[in-house]
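A.B. asks: What follows is final_19.cif, mmCIF, N, CA and C atoms and all ligand atoms.
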```
data_data
#
loop_
_atom_site.label_atom_id
_atom_site.label_comp_id
_atom_site.auth_asym_id
_atom_site.auth_seq_id
_atom_site.Cartn_x
_atom_site.Cartn_y
_atom_site.Cartn_z
N MET A 52 66.25 -13.58 -2.72
CA MET A 52 66.44 -14.53 -1.63
C MET A 52 67.16 -15.78 -2.13
N ASN A 53 68.22 -16.14 -1.46
CA ASN A 53 68.92 -17.36 -1.84
C ASN A 53 68.60 -18.47 -0.84
N THR A 54 67.63 -19.29 -1.22
CA THR A 54 67.16 -20.34 -0.32
C THR A 54 68.27 -21.32 0.04
N ASN A 55 69.16 -21.60 -0.91
CA ASN A 55 70.22 -22.57 -0.65
C ASN A 55 71.10 -22.18 0.53
N ILE A 56 71.44 -20.89 0.60
CA ILE A 56 72.27 -20.42 1.70
C ILE A 56 71.50 -20.53 3.02
N GLU A 57 70.23 -20.13 2.98
CA GLU A 57 69.42 -20.21 4.20
C GLU A 57 69.26 -21.64 4.68
N VAL A 58 69.04 -22.53 3.72
CA VAL A 58 68.87 -23.94 4.04
C VAL A 58 70.14 -24.50 4.67
N LYS A 59 71.28 -24.15 4.09
CA LYS A 59 72.56 -24.62 4.62
C LYS A 59 72.76 -24.10 6.04
N ASP A 60 72.44 -22.82 6.25
CA ASP A 60 72.58 -22.22 7.58
C ASP A 60 71.69 -22.92 8.60
N ARG A 61 70.46 -23.19 8.17
CA ARG A 61 69.51 -23.84 9.10
C ARG A 61 70.05 -25.20 9.52
N LEU A 62 70.58 -25.97 8.55
CA LEU A 62 71.12 -27.29 8.86
C LEU A 62 72.31 -27.17 9.81
N LEU A 63 73.21 -26.24 9.51
CA LEU A 63 74.39 -26.06 10.36
C LEU A 63 74.00 -25.63 11.77
N GLU A 64 73.04 -24.70 11.85
CA GLU A 64 72.56 -24.24 13.16
C GLU A 64 72.02 -25.39 13.99
N CYS A 65 71.39 -26.33 13.30
CA CYS A 65 70.78 -27.47 13.99
C CYS A 65 71.75 -28.64 14.16
N GLY A 66 73.00 -28.42 13.78
CA GLY A 66 74.01 -29.46 13.95
C GLY A 66 73.89 -30.60 12.96
N VAL A 67 73.33 -30.31 11.78
CA VAL A 67 73.19 -31.34 10.74
C VAL A 67 74.20 -31.05 9.64
N LYS A 68 75.01 -32.03 9.30
CA LYS A 68 75.99 -31.86 8.23
C LYS A 68 75.25 -31.70 6.90
N PRO A 69 75.46 -30.56 6.22
CA PRO A 69 74.65 -30.29 5.02
C PRO A 69 75.12 -31.03 3.77
N SER A 70 74.76 -32.31 3.68
CA SER A 70 75.08 -33.07 2.47
C SER A 70 74.12 -32.62 1.36
N LEU A 71 74.43 -32.97 0.13
CA LEU A 71 73.61 -32.54 -1.00
C LEU A 71 72.17 -33.04 -0.88
N GLN A 72 72.02 -34.31 -0.47
CA GLN A 72 70.68 -34.87 -0.35
C GLN A 72 69.89 -34.21 0.77
N ARG A 73 70.55 -33.96 1.89
CA ARG A 73 69.88 -33.30 3.00
C ARG A 73 69.45 -31.88 2.61
N MET A 74 70.36 -31.19 1.90
CA MET A 74 70.05 -29.83 1.43
C MET A 74 68.86 -29.85 0.49
N ALA A 75 68.83 -30.85 -0.40
CA ALA A 75 67.75 -30.93 -1.39
C ALA A 75 66.40 -31.17 -0.70
N ILE A 76 66.40 -32.04 0.30
CA ILE A 76 65.16 -32.34 1.02
C ILE A 76 64.69 -31.13 1.83
N MET A 77 65.62 -30.48 2.50
CA MET A 77 65.28 -29.29 3.28
C MET A 77 64.79 -28.17 2.36
N ASN A 78 65.48 -28.02 1.24
CA ASN A 78 65.11 -27.01 0.26
C ASN A 78 63.70 -27.23 -0.27
N PHE A 79 63.38 -28.48 -0.54
CA PHE A 79 62.04 -28.82 -1.04
C PHE A 79 60.97 -28.43 -0.01
N LEU A 80 61.25 -28.72 1.25
CA LEU A 80 60.29 -28.40 2.31
C LEU A 80 60.09 -26.88 2.45
N VAL A 81 61.19 -26.14 2.33
CA VAL A 81 61.10 -24.68 2.47
C VAL A 81 60.32 -24.10 1.29
N LYS A 82 60.60 -24.61 0.09
CA LYS A 82 59.96 -24.05 -1.11
C LYS A 82 58.53 -24.54 -1.32
N ASN A 83 58.17 -25.65 -0.69
CA ASN A 83 56.83 -26.21 -0.87
C ASN A 83 56.13 -26.35 0.48
N PRO A 84 55.60 -25.23 0.99
CA PRO A 84 54.99 -25.27 2.33
C PRO A 84 53.60 -25.92 2.30
N ILE A 85 53.53 -27.12 1.73
CA ILE A 85 52.26 -27.83 1.60
C ILE A 85 52.21 -29.03 2.55
N HIS A 86 53.20 -29.09 3.48
CA HIS A 86 53.26 -30.19 4.44
C HIS A 86 53.28 -31.53 3.72
N PRO A 87 54.29 -31.75 2.87
CA PRO A 87 54.35 -32.98 2.06
C PRO A 87 54.64 -34.23 2.87
N THR A 88 54.30 -35.37 2.30
CA THR A 88 54.58 -36.68 2.90
C THR A 88 55.93 -37.17 2.39
N VAL A 89 56.45 -38.25 2.99
CA VAL A 89 57.70 -38.87 2.52
C VAL A 89 57.57 -39.22 1.04
N ASP A 90 56.45 -39.84 0.68
CA ASP A 90 56.23 -40.27 -0.71
C ASP A 90 56.30 -39.12 -1.69
N LEU A 91 55.65 -38.03 -1.34
CA LEU A 91 55.64 -36.89 -2.26
C LEU A 91 57.04 -36.30 -2.43
N ILE A 92 57.76 -36.16 -1.32
CA ILE A 92 59.11 -35.60 -1.38
C ILE A 92 59.98 -36.50 -2.26
N PHE A 93 59.88 -37.81 -2.05
CA PHE A 93 60.68 -38.75 -2.84
C PHE A 93 60.32 -38.65 -4.33
N THR A 94 59.04 -38.66 -4.64
CA THR A 94 58.58 -38.61 -6.04
C THR A 94 59.05 -37.34 -6.74
N GLU A 95 59.04 -36.22 -6.01
CA GLU A 95 59.43 -34.94 -6.60
C GLU A 95 60.95 -34.82 -6.79
N LEU A 96 61.71 -35.39 -5.86
CA LEU A 96 63.17 -35.21 -5.91
C LEU A 96 63.90 -36.29 -6.71
N TYR A 97 63.29 -37.46 -6.80
CA TYR A 97 63.95 -38.58 -7.45
C TYR A 97 64.43 -38.29 -8.88
N PRO A 98 63.62 -37.62 -9.73
CA PRO A 98 64.09 -37.35 -11.10
C PRO A 98 65.41 -36.57 -11.17
N SER A 99 65.62 -35.65 -10.23
CA SER A 99 66.87 -34.87 -10.26
C SER A 99 67.97 -35.51 -9.41
N ILE A 100 67.61 -36.42 -8.52
CA ILE A 100 68.61 -37.12 -7.70
C ILE A 100 68.36 -38.63 -7.80
N PRO A 101 68.82 -39.27 -8.87
CA PRO A 101 68.53 -40.69 -9.08
C PRO A 101 69.13 -41.62 -8.02
N THR A 102 70.11 -41.11 -7.26
CA THR A 102 70.72 -41.95 -6.22
C THR A 102 69.89 -41.95 -4.93
N LEU A 103 68.86 -41.12 -4.90
CA LEU A 103 68.03 -40.99 -3.71
C LEU A 103 67.14 -42.22 -3.51
N SER A 104 66.99 -42.64 -2.27
CA SER A 104 66.06 -43.74 -1.97
C SER A 104 65.03 -43.23 -0.99
N LYS A 105 63.90 -43.94 -0.92
CA LYS A 105 62.84 -43.53 -0.01
C LYS A 105 63.32 -43.63 1.44
N THR A 106 64.16 -44.62 1.70
CA THR A 106 64.71 -44.78 3.05
C THR A 106 65.56 -43.56 3.43
N THR A 107 66.35 -43.07 2.48
CA THR A 107 67.17 -41.88 2.75
C THR A 107 66.28 -40.69 3.08
N VAL A 108 65.20 -40.54 2.29
CA VAL A 108 64.28 -39.42 2.55
C VAL A 108 63.71 -39.55 3.96
N TYR A 109 63.26 -40.76 4.28
CA TYR A 109 62.67 -41.00 5.60
C TYR A 109 63.68 -40.73 6.71
N ASN A 110 64.89 -41.29 6.57
CA ASN A 110 65.92 -41.11 7.61
C ASN A 110 66.34 -39.65 7.74
N THR A 111 66.43 -38.95 6.61
CA THR A 111 66.80 -37.53 6.64
C THR A 111 65.75 -36.72 7.38
N LEU A 112 64.47 -36.98 7.07
CA LEU A 112 63.39 -36.25 7.74
C LEU A 112 63.41 -36.52 9.24
N LYS A 113 63.70 -37.77 9.60
CA LYS A 113 63.76 -38.15 11.01
C LYS A 113 64.89 -37.39 11.71
N LEU A 114 66.04 -37.34 11.05
CA LEU A 114 67.20 -36.62 11.60
C LEU A 114 66.89 -35.13 11.74
N LEU A 115 66.33 -34.55 10.67
CA LEU A 115 66.01 -33.12 10.69
C LEU A 115 65.03 -32.79 11.82
N GLU A 116 64.08 -33.71 12.04
CA GLU A 116 63.12 -33.48 13.11
C GLU A 116 63.79 -33.58 14.48
N GLU A 117 64.61 -34.61 14.64
CA GLU A 117 65.31 -34.80 15.92
C GLU A 117 66.20 -33.60 16.26
N GLN A 118 66.75 -32.99 15.23
CA GLN A 118 67.66 -31.86 15.44
C GLN A 118 66.92 -30.53 15.52
N GLY A 119 65.60 -30.59 15.37
CA GLY A 119 64.78 -29.38 15.51
C GLY A 119 64.75 -28.50 14.27
N ALA A 120 65.16 -29.03 13.12
CA ALA A 120 65.16 -28.22 11.90
C ALA A 120 63.78 -28.19 11.24
N ILE A 121 63.00 -29.23 11.48
CA ILE A 121 61.64 -29.30 10.91
C ILE A 121 60.69 -29.90 11.95
N HIS A 122 59.40 -29.81 11.66
CA HIS A 122 58.40 -30.44 12.51
C HIS A 122 57.69 -31.54 11.72
N SER A 123 57.26 -32.58 12.43
CA SER A 123 56.41 -33.56 11.77
C SER A 123 55.00 -33.41 12.34
N LEU A 124 54.01 -33.65 11.50
CA LEU A 124 52.61 -33.49 11.90
C LEU A 124 51.89 -34.82 11.78
N ASN A 125 51.07 -35.11 12.75
CA ASN A 125 50.28 -36.34 12.69
C ASN A 125 48.81 -36.07 12.38
N ILE A 126 48.57 -34.95 11.75
CA ILE A 126 47.19 -34.55 11.43
C ILE A 126 46.54 -35.51 10.44
N ASP A 127 47.37 -36.12 9.60
CA ASP A 127 46.89 -37.05 8.59
C ASP A 127 47.06 -38.46 9.15
N GLU A 128 45.96 -39.18 9.35
CA GLU A 128 46.06 -40.49 10.01
C GLU A 128 46.83 -41.51 9.17
N LYS A 129 46.92 -41.32 7.87
CA LYS A 129 47.61 -42.29 7.02
C LYS A 129 49.10 -41.98 6.85
N ASN A 130 49.44 -40.72 6.70
CA ASN A 130 50.83 -40.34 6.43
C ASN A 130 51.29 -39.20 7.32
N VAL A 131 52.54 -39.30 7.77
CA VAL A 131 53.12 -38.20 8.52
C VAL A 131 53.41 -37.08 7.53
N ARG A 132 53.13 -35.86 7.92
CA ARG A 132 53.42 -34.69 7.08
C ARG A 132 54.60 -33.95 7.68
N TYR A 133 55.36 -33.27 6.83
CA TYR A 133 56.53 -32.54 7.31
C TYR A 133 56.45 -31.06 6.99
N ASP A 134 56.99 -30.25 7.92
CA ASP A 134 56.85 -28.81 7.85
C ASP A 134 58.18 -28.14 8.19
N ALA A 135 58.67 -27.31 7.26
CA ALA A 135 59.93 -26.59 7.52
C ALA A 135 59.68 -25.34 8.35
N ASP A 136 58.42 -24.98 8.50
CA ASP A 136 58.07 -23.80 9.30
C ASP A 136 57.96 -24.23 10.76
N ILE A 137 59.00 -23.89 11.54
CA ILE A 137 59.01 -24.35 12.93
C ILE A 137 58.49 -23.28 13.88
N SER A 138 57.91 -22.23 13.32
CA SER A 138 57.30 -21.22 14.19
C SER A 138 56.01 -21.80 14.78
N ASN A 139 55.49 -21.15 15.80
CA ASN A 139 54.30 -21.63 16.47
C ASN A 139 53.06 -21.40 15.61
N HIS A 140 52.52 -22.45 15.05
CA HIS A 140 51.28 -22.30 14.28
C HIS A 140 50.47 -23.58 14.30
N ALA A 141 49.19 -23.46 14.02
CA ALA A 141 48.30 -24.61 14.01
C ALA A 141 48.05 -25.05 12.57
N HIS A 142 47.32 -26.15 12.39
CA HIS A 142 47.06 -26.66 11.04
C HIS A 142 45.60 -27.01 10.82
N PHE A 143 45.21 -26.90 9.58
CA PHE A 143 43.86 -27.24 9.16
C PHE A 143 43.95 -28.27 8.05
N LYS A 144 43.22 -29.38 8.21
CA LYS A 144 43.21 -30.39 7.14
C LYS A 144 41.81 -30.50 6.56
N CYS A 145 41.77 -30.45 5.23
CA CYS A 145 40.48 -30.61 4.54
C CYS A 145 40.15 -32.10 4.45
N LYS A 146 38.96 -32.46 4.90
CA LYS A 146 38.55 -33.87 4.93
C LYS A 146 38.22 -34.39 3.54
N LYS A 147 38.05 -33.46 2.57
CA LYS A 147 37.70 -33.90 1.23
C LYS A 147 38.94 -33.99 0.33
N CYS A 148 39.69 -32.90 0.17
CA CYS A 148 40.84 -32.93 -0.75
C CYS A 148 42.15 -33.28 -0.03
N GLY A 149 42.14 -33.29 1.28
CA GLY A 149 43.30 -33.74 2.04
C GLY A 149 44.41 -32.73 2.22
N GLN A 150 44.26 -31.53 1.68
CA GLN A 150 45.34 -30.56 1.82
C GLN A 150 45.44 -30.06 3.27
N VAL A 151 46.69 -29.78 3.66
CA VAL A 151 46.94 -29.29 5.02
C VAL A 151 47.45 -27.86 4.91
N GLN A 152 46.74 -26.95 5.54
CA GLN A 152 47.12 -25.54 5.47
C GLN A 152 47.55 -25.04 6.85
N ASP A 153 48.35 -23.97 6.83
CA ASP A 153 48.76 -23.34 8.08
C ASP A 153 47.62 -22.51 8.64
N VAL A 154 47.54 -22.52 9.95
CA VAL A 154 46.58 -21.66 10.64
C VAL A 154 47.40 -20.78 11.57
N ARG A 155 47.30 -19.48 11.36
CA ARG A 155 48.04 -18.55 12.22
C ARG A 155 47.23 -18.29 13.48
N LEU A 156 47.83 -18.56 14.62
CA LEU A 156 47.14 -18.31 15.88
C LEU A 156 47.29 -16.84 16.22
N LYS A 157 46.22 -16.25 16.70
CA LYS A 157 46.28 -14.82 17.01
C LYS A 157 47.16 -14.56 18.22
N ASP A 158 47.02 -15.39 19.24
CA ASP A 158 47.83 -15.19 20.43
C ASP A 158 48.02 -16.53 21.12
N THR A 159 49.14 -17.17 20.82
CA THR A 159 49.36 -18.52 21.35
C THR A 159 49.48 -18.52 22.86
N ASP A 160 49.90 -17.37 23.42
CA ASP A 160 50.05 -17.30 24.88
C ASP A 160 48.71 -17.35 25.59
N SER A 161 47.64 -17.12 24.86
CA SER A 161 46.33 -17.07 25.49
C SER A 161 45.76 -18.47 25.72
N ILE A 162 46.43 -19.50 25.14
CA ILE A 162 45.96 -20.86 25.38
C ILE A 162 46.43 -21.28 26.77
N GLN A 163 45.50 -21.35 27.68
CA GLN A 163 45.83 -21.63 29.07
C GLN A 163 45.64 -23.11 29.37
N ILE A 164 46.64 -23.72 29.95
CA ILE A 164 46.47 -25.11 30.39
C ILE A 164 46.79 -25.21 31.88
N ALA A 165 46.18 -26.23 32.50
CA ALA A 165 46.21 -26.33 33.96
C ALA A 165 47.62 -26.43 34.55
N ASN A 166 48.51 -27.22 33.92
CA ASN A 166 49.81 -27.47 34.54
C ASN A 166 50.94 -26.65 33.93
N ALA A 167 50.59 -25.55 33.30
CA ALA A 167 51.59 -24.76 32.59
C ALA A 167 52.77 -24.36 33.46
N ASP A 168 52.53 -24.13 34.74
CA ASP A 168 53.62 -23.69 35.61
C ASP A 168 54.46 -24.86 36.13
N LYS A 169 53.92 -26.08 36.02
CA LYS A 169 54.66 -27.25 36.53
C LYS A 169 55.49 -27.91 35.44
N TRP A 170 54.96 -27.91 34.20
CA TRP A 170 55.62 -28.60 33.12
C TRP A 170 56.49 -27.66 32.31
N LEU A 171 57.47 -28.23 31.66
CA LEU A 171 58.22 -27.47 30.67
C LEU A 171 57.74 -27.97 29.32
N ILE A 172 56.89 -27.19 28.69
CA ILE A 172 56.30 -27.62 27.43
C ILE A 172 57.21 -27.25 26.27
N THR A 173 57.55 -28.25 25.48
CA THR A 173 58.46 -28.01 24.36
C THR A 173 57.75 -28.12 23.02
N GLU A 174 56.54 -28.64 23.01
CA GLU A 174 55.86 -28.90 21.76
C GLU A 174 54.36 -28.79 21.95
N CYS A 175 53.68 -28.30 20.94
CA CYS A 175 52.22 -28.23 21.00
C CYS A 175 51.69 -28.32 19.58
N GLN A 176 50.84 -29.30 19.33
CA GLN A 176 50.28 -29.43 17.99
C GLN A 176 48.78 -29.20 18.07
N ILE A 177 48.31 -28.25 17.30
CA ILE A 177 46.88 -27.94 17.28
C ILE A 177 46.35 -28.19 15.87
N TYR A 178 45.34 -29.05 15.79
CA TYR A 178 44.79 -29.41 14.49
C TYR A 178 43.32 -29.02 14.38
N TYR A 179 42.97 -28.53 13.21
CA TYR A 179 41.57 -28.27 12.88
C TYR A 179 41.26 -29.11 11.66
N LYS A 180 40.07 -29.67 11.61
CA LYS A 180 39.67 -30.43 10.43
C LYS A 180 38.32 -29.94 9.94
N GLY A 181 38.10 -30.06 8.66
CA GLY A 181 36.83 -29.62 8.11
C GLY A 181 36.90 -29.61 6.60
N TYR A 182 36.31 -28.62 5.97
CA TYR A 182 36.33 -28.54 4.52
C TYR A 182 36.89 -27.19 4.11
N CYS A 183 37.84 -27.22 3.15
CA CYS A 183 38.45 -25.97 2.70
C CYS A 183 37.43 -25.17 1.89
N GLU A 184 37.80 -23.95 1.58
CA GLU A 184 36.88 -23.05 0.88
C GLU A 184 36.38 -23.66 -0.44
N LYS A 185 37.34 -24.23 -1.20
CA LYS A 185 37.01 -24.79 -2.51
C LYS A 185 36.04 -25.97 -2.36
N CYS A 186 36.37 -26.90 -1.48
CA CYS A 186 35.52 -28.09 -1.29
C CYS A 186 34.18 -27.70 -0.71
N ARG A 187 34.18 -26.71 0.14
CA ARG A 187 32.93 -26.26 0.75
C ARG A 187 31.99 -25.68 -0.31
N ASN A 188 32.59 -24.91 -1.22
CA ASN A 188 31.79 -24.33 -2.31
C ASN A 188 31.23 -25.41 -3.23
N GLU A 189 32.04 -26.46 -3.46
CA GLU A 189 31.60 -27.55 -4.34
C GLU A 189 30.45 -28.35 -3.74
N MET A 190 30.32 -28.33 -2.44
CA MET A 190 29.27 -29.09 -1.78
C MET A 190 27.91 -28.40 -1.89
N ASN A 191 27.95 -27.09 -2.14
CA ASN A 191 26.69 -26.33 -2.20
C ASN A 191 26.04 -26.40 -3.58
ZN ZN A 201 39.46 -29.27 0.23
ZN ZN A 202 52.65 -25.63 8.89
#
```
Would you mind giving the structure from this file in structure tokens?

C.D. replies:
Amino acid sequence: MNTNIEVKDRLLECGVKPSLQRMAIMNFLVKNPIHPTVDLIFTELYPSIPTLSKTTVYNTLKLLEEQGAIHSLNIDEKNVRYDADISNHAHFKCKKCGQVQDVRLKDTDSIQIANADKWLITECQIYYKGYCEKCRNEMN
């Protein structure tokens, strides 16, 4: 699998000019499906891209989100998390270690809401919070 080609295609499909920095940020998100924060992305990429600034990372993520290439999550009250997986899925955040994991919904169509026929819904964020397996075991 050549992630670079896929990343470039995704950016082009979303109408984003694939500059080196944008490609690097998108690539990081695809390769690290841990829902990273702006700070983490900057810290990880800065050593290989010394011209990168935190503002660039932030602005790039904002652009990528606006163009539909990535999703942002507000599951973490302190930091926005970013996700390159734009398929329909929910998230689980561990209240102890803070990690955010993907939750695969069995049948998203089964979530019934009252105004589904009146509204055109373009976005849905479902969050679960609790303790991950590791933290749960440590508590016992
Ligand atoms: Zn945990
Ligand atoms: Zn996710």

A.B. asks: Mind dumping a table of every chain A residue within 6.5 Å of ligand ZN 201 (chain A), with the nearest atom pair and its distance in Å to one decimal, using all atoms listed in the file, sorted by chain and rising number, as a Markdown table?

C.D. replies:
```
| residue | atom | partner | partner_atom | distance |
| --- | --- | --- | --- | --- |
| A:Cys145 | CA | A:ZN201 | ZN | 4.6 |
| A:Lys146 | N | A:ZN201 | ZN | 5.7 |
| A:Lys147 | C | A:ZN201 | ZN | 4.7 |
| A:Cys148 | N | A:ZN201 | ZN | 3.6 |
| A:Gly149 | N | A:ZN201 | ZN | 4.9 |
| A:Gln150 | N | A:ZN201 | ZN | 5.5 |
| A:Tyr182 | C | A:ZN201 | ZN | 5.1 |
| A:Cys183 | N | A:ZN201 | ZN | 3.9 |
| A:Glu184 | N | A:ZN201 | ZN | 5.7 |
| A:Lys185 | C | A:ZN201 | ZN | 5.4 |
| A:Cys186 | N | A:ZN201 | ZN | 4.3 |
| A:Arg187 | N | A:ZN201 | ZN | 5.9 |
```

A.B. asks: Let me have all residues with an atom within 7 Å of ligand ZN 202 (chain A), counting only N, CA and C atoms and all ligand atoms, laid out as a list of chain:residue names.

C.D. replies: A:Pro84, A:His86, A:Tyr133, A:Asp134, A:Ala135, A:Asp136, A:His140, A:Ala141, A:His142, A:Val151, A:Gln152, A:Asp153, A:Val154

A.B. asks: What is the atom N of Lys144 (chain A) to CA of Tyr179 (chain A) distance in Å?

C.D. replies: 5.1 Å

A.B. asks: Would you pick out the contacts of region 102-109 of chain A at 7 Å or less, using only N, CA and C atoms, so that residues sharing its chain but fewer than 5 positions from it are not included, and give the list as a PyMOL selection string?

C.D. replies: chain A and resi 89+93+96-97+114

A.B. asks: Store the residues of this selection in a file with N, CA and C atoms, as a JSON list (two decimals), in the coordinates of the input.

C.D. replies:
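Wrote part10.json, looks like this:
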```json
[["chain", "number", "residue", "atom", "x", "y", "z"],
["A", 89, "VAL", "N", 56.45, -38.25, 2.99],
["A", 89, "VAL", "CA", 57.70, -38.87, 2.52],
["A", 89, "VAL", "C", 57.57, -39.22, 1.04],
["A", 93, "PHE", "N", 59.88, -37.81, -2.05],
["A", 93, "PHE", "CA", 60.68, -38.75, -2.84],
["A", 93, "PHE", "C", 60.32, -38.65, -4.33],
["A", 96, "LEU", "N", 61.71, -35.39, -5.86],
["A", 96, "LEU", "CA", 63.17, -35.21, -5.91],
["A", 96, "LEU", "C", 63.90, -36.29, -6.71],
["A", 97, "TYR", "N", 63.29, -37.46, -6.80],
["A", 97, "TYR", "CA", 63.95, -38.58, -7.45],
["A", 97, "TYR", "C", 64.43, -38.29, -8.88],
["A", 114, "LEU", "N", 66.04, -37.34, 11.05],
["A", 114, "LEU", "CA", 67.20, -36.62, 11.60],
["A", 114, "LEU", "C", 66.89, -35.13, 11.74]]
```

A.B. asks: Between atom C of Asp90 (chain A) and CA of Gln118 (chain A), what is the spacing in Å?

C.D. replies: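 Going from CA of Gln118 (chain A) over to atom C of Asp90 (chain A) covers 21.8 Å.
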
A.B. asks: Quick one: distance from CA of Ala167 (chain A) to CA of Ser123 (chain A) in Å, one decimal?

C.D. replies: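 Computing it gives 23.1 Å between the two atoms.
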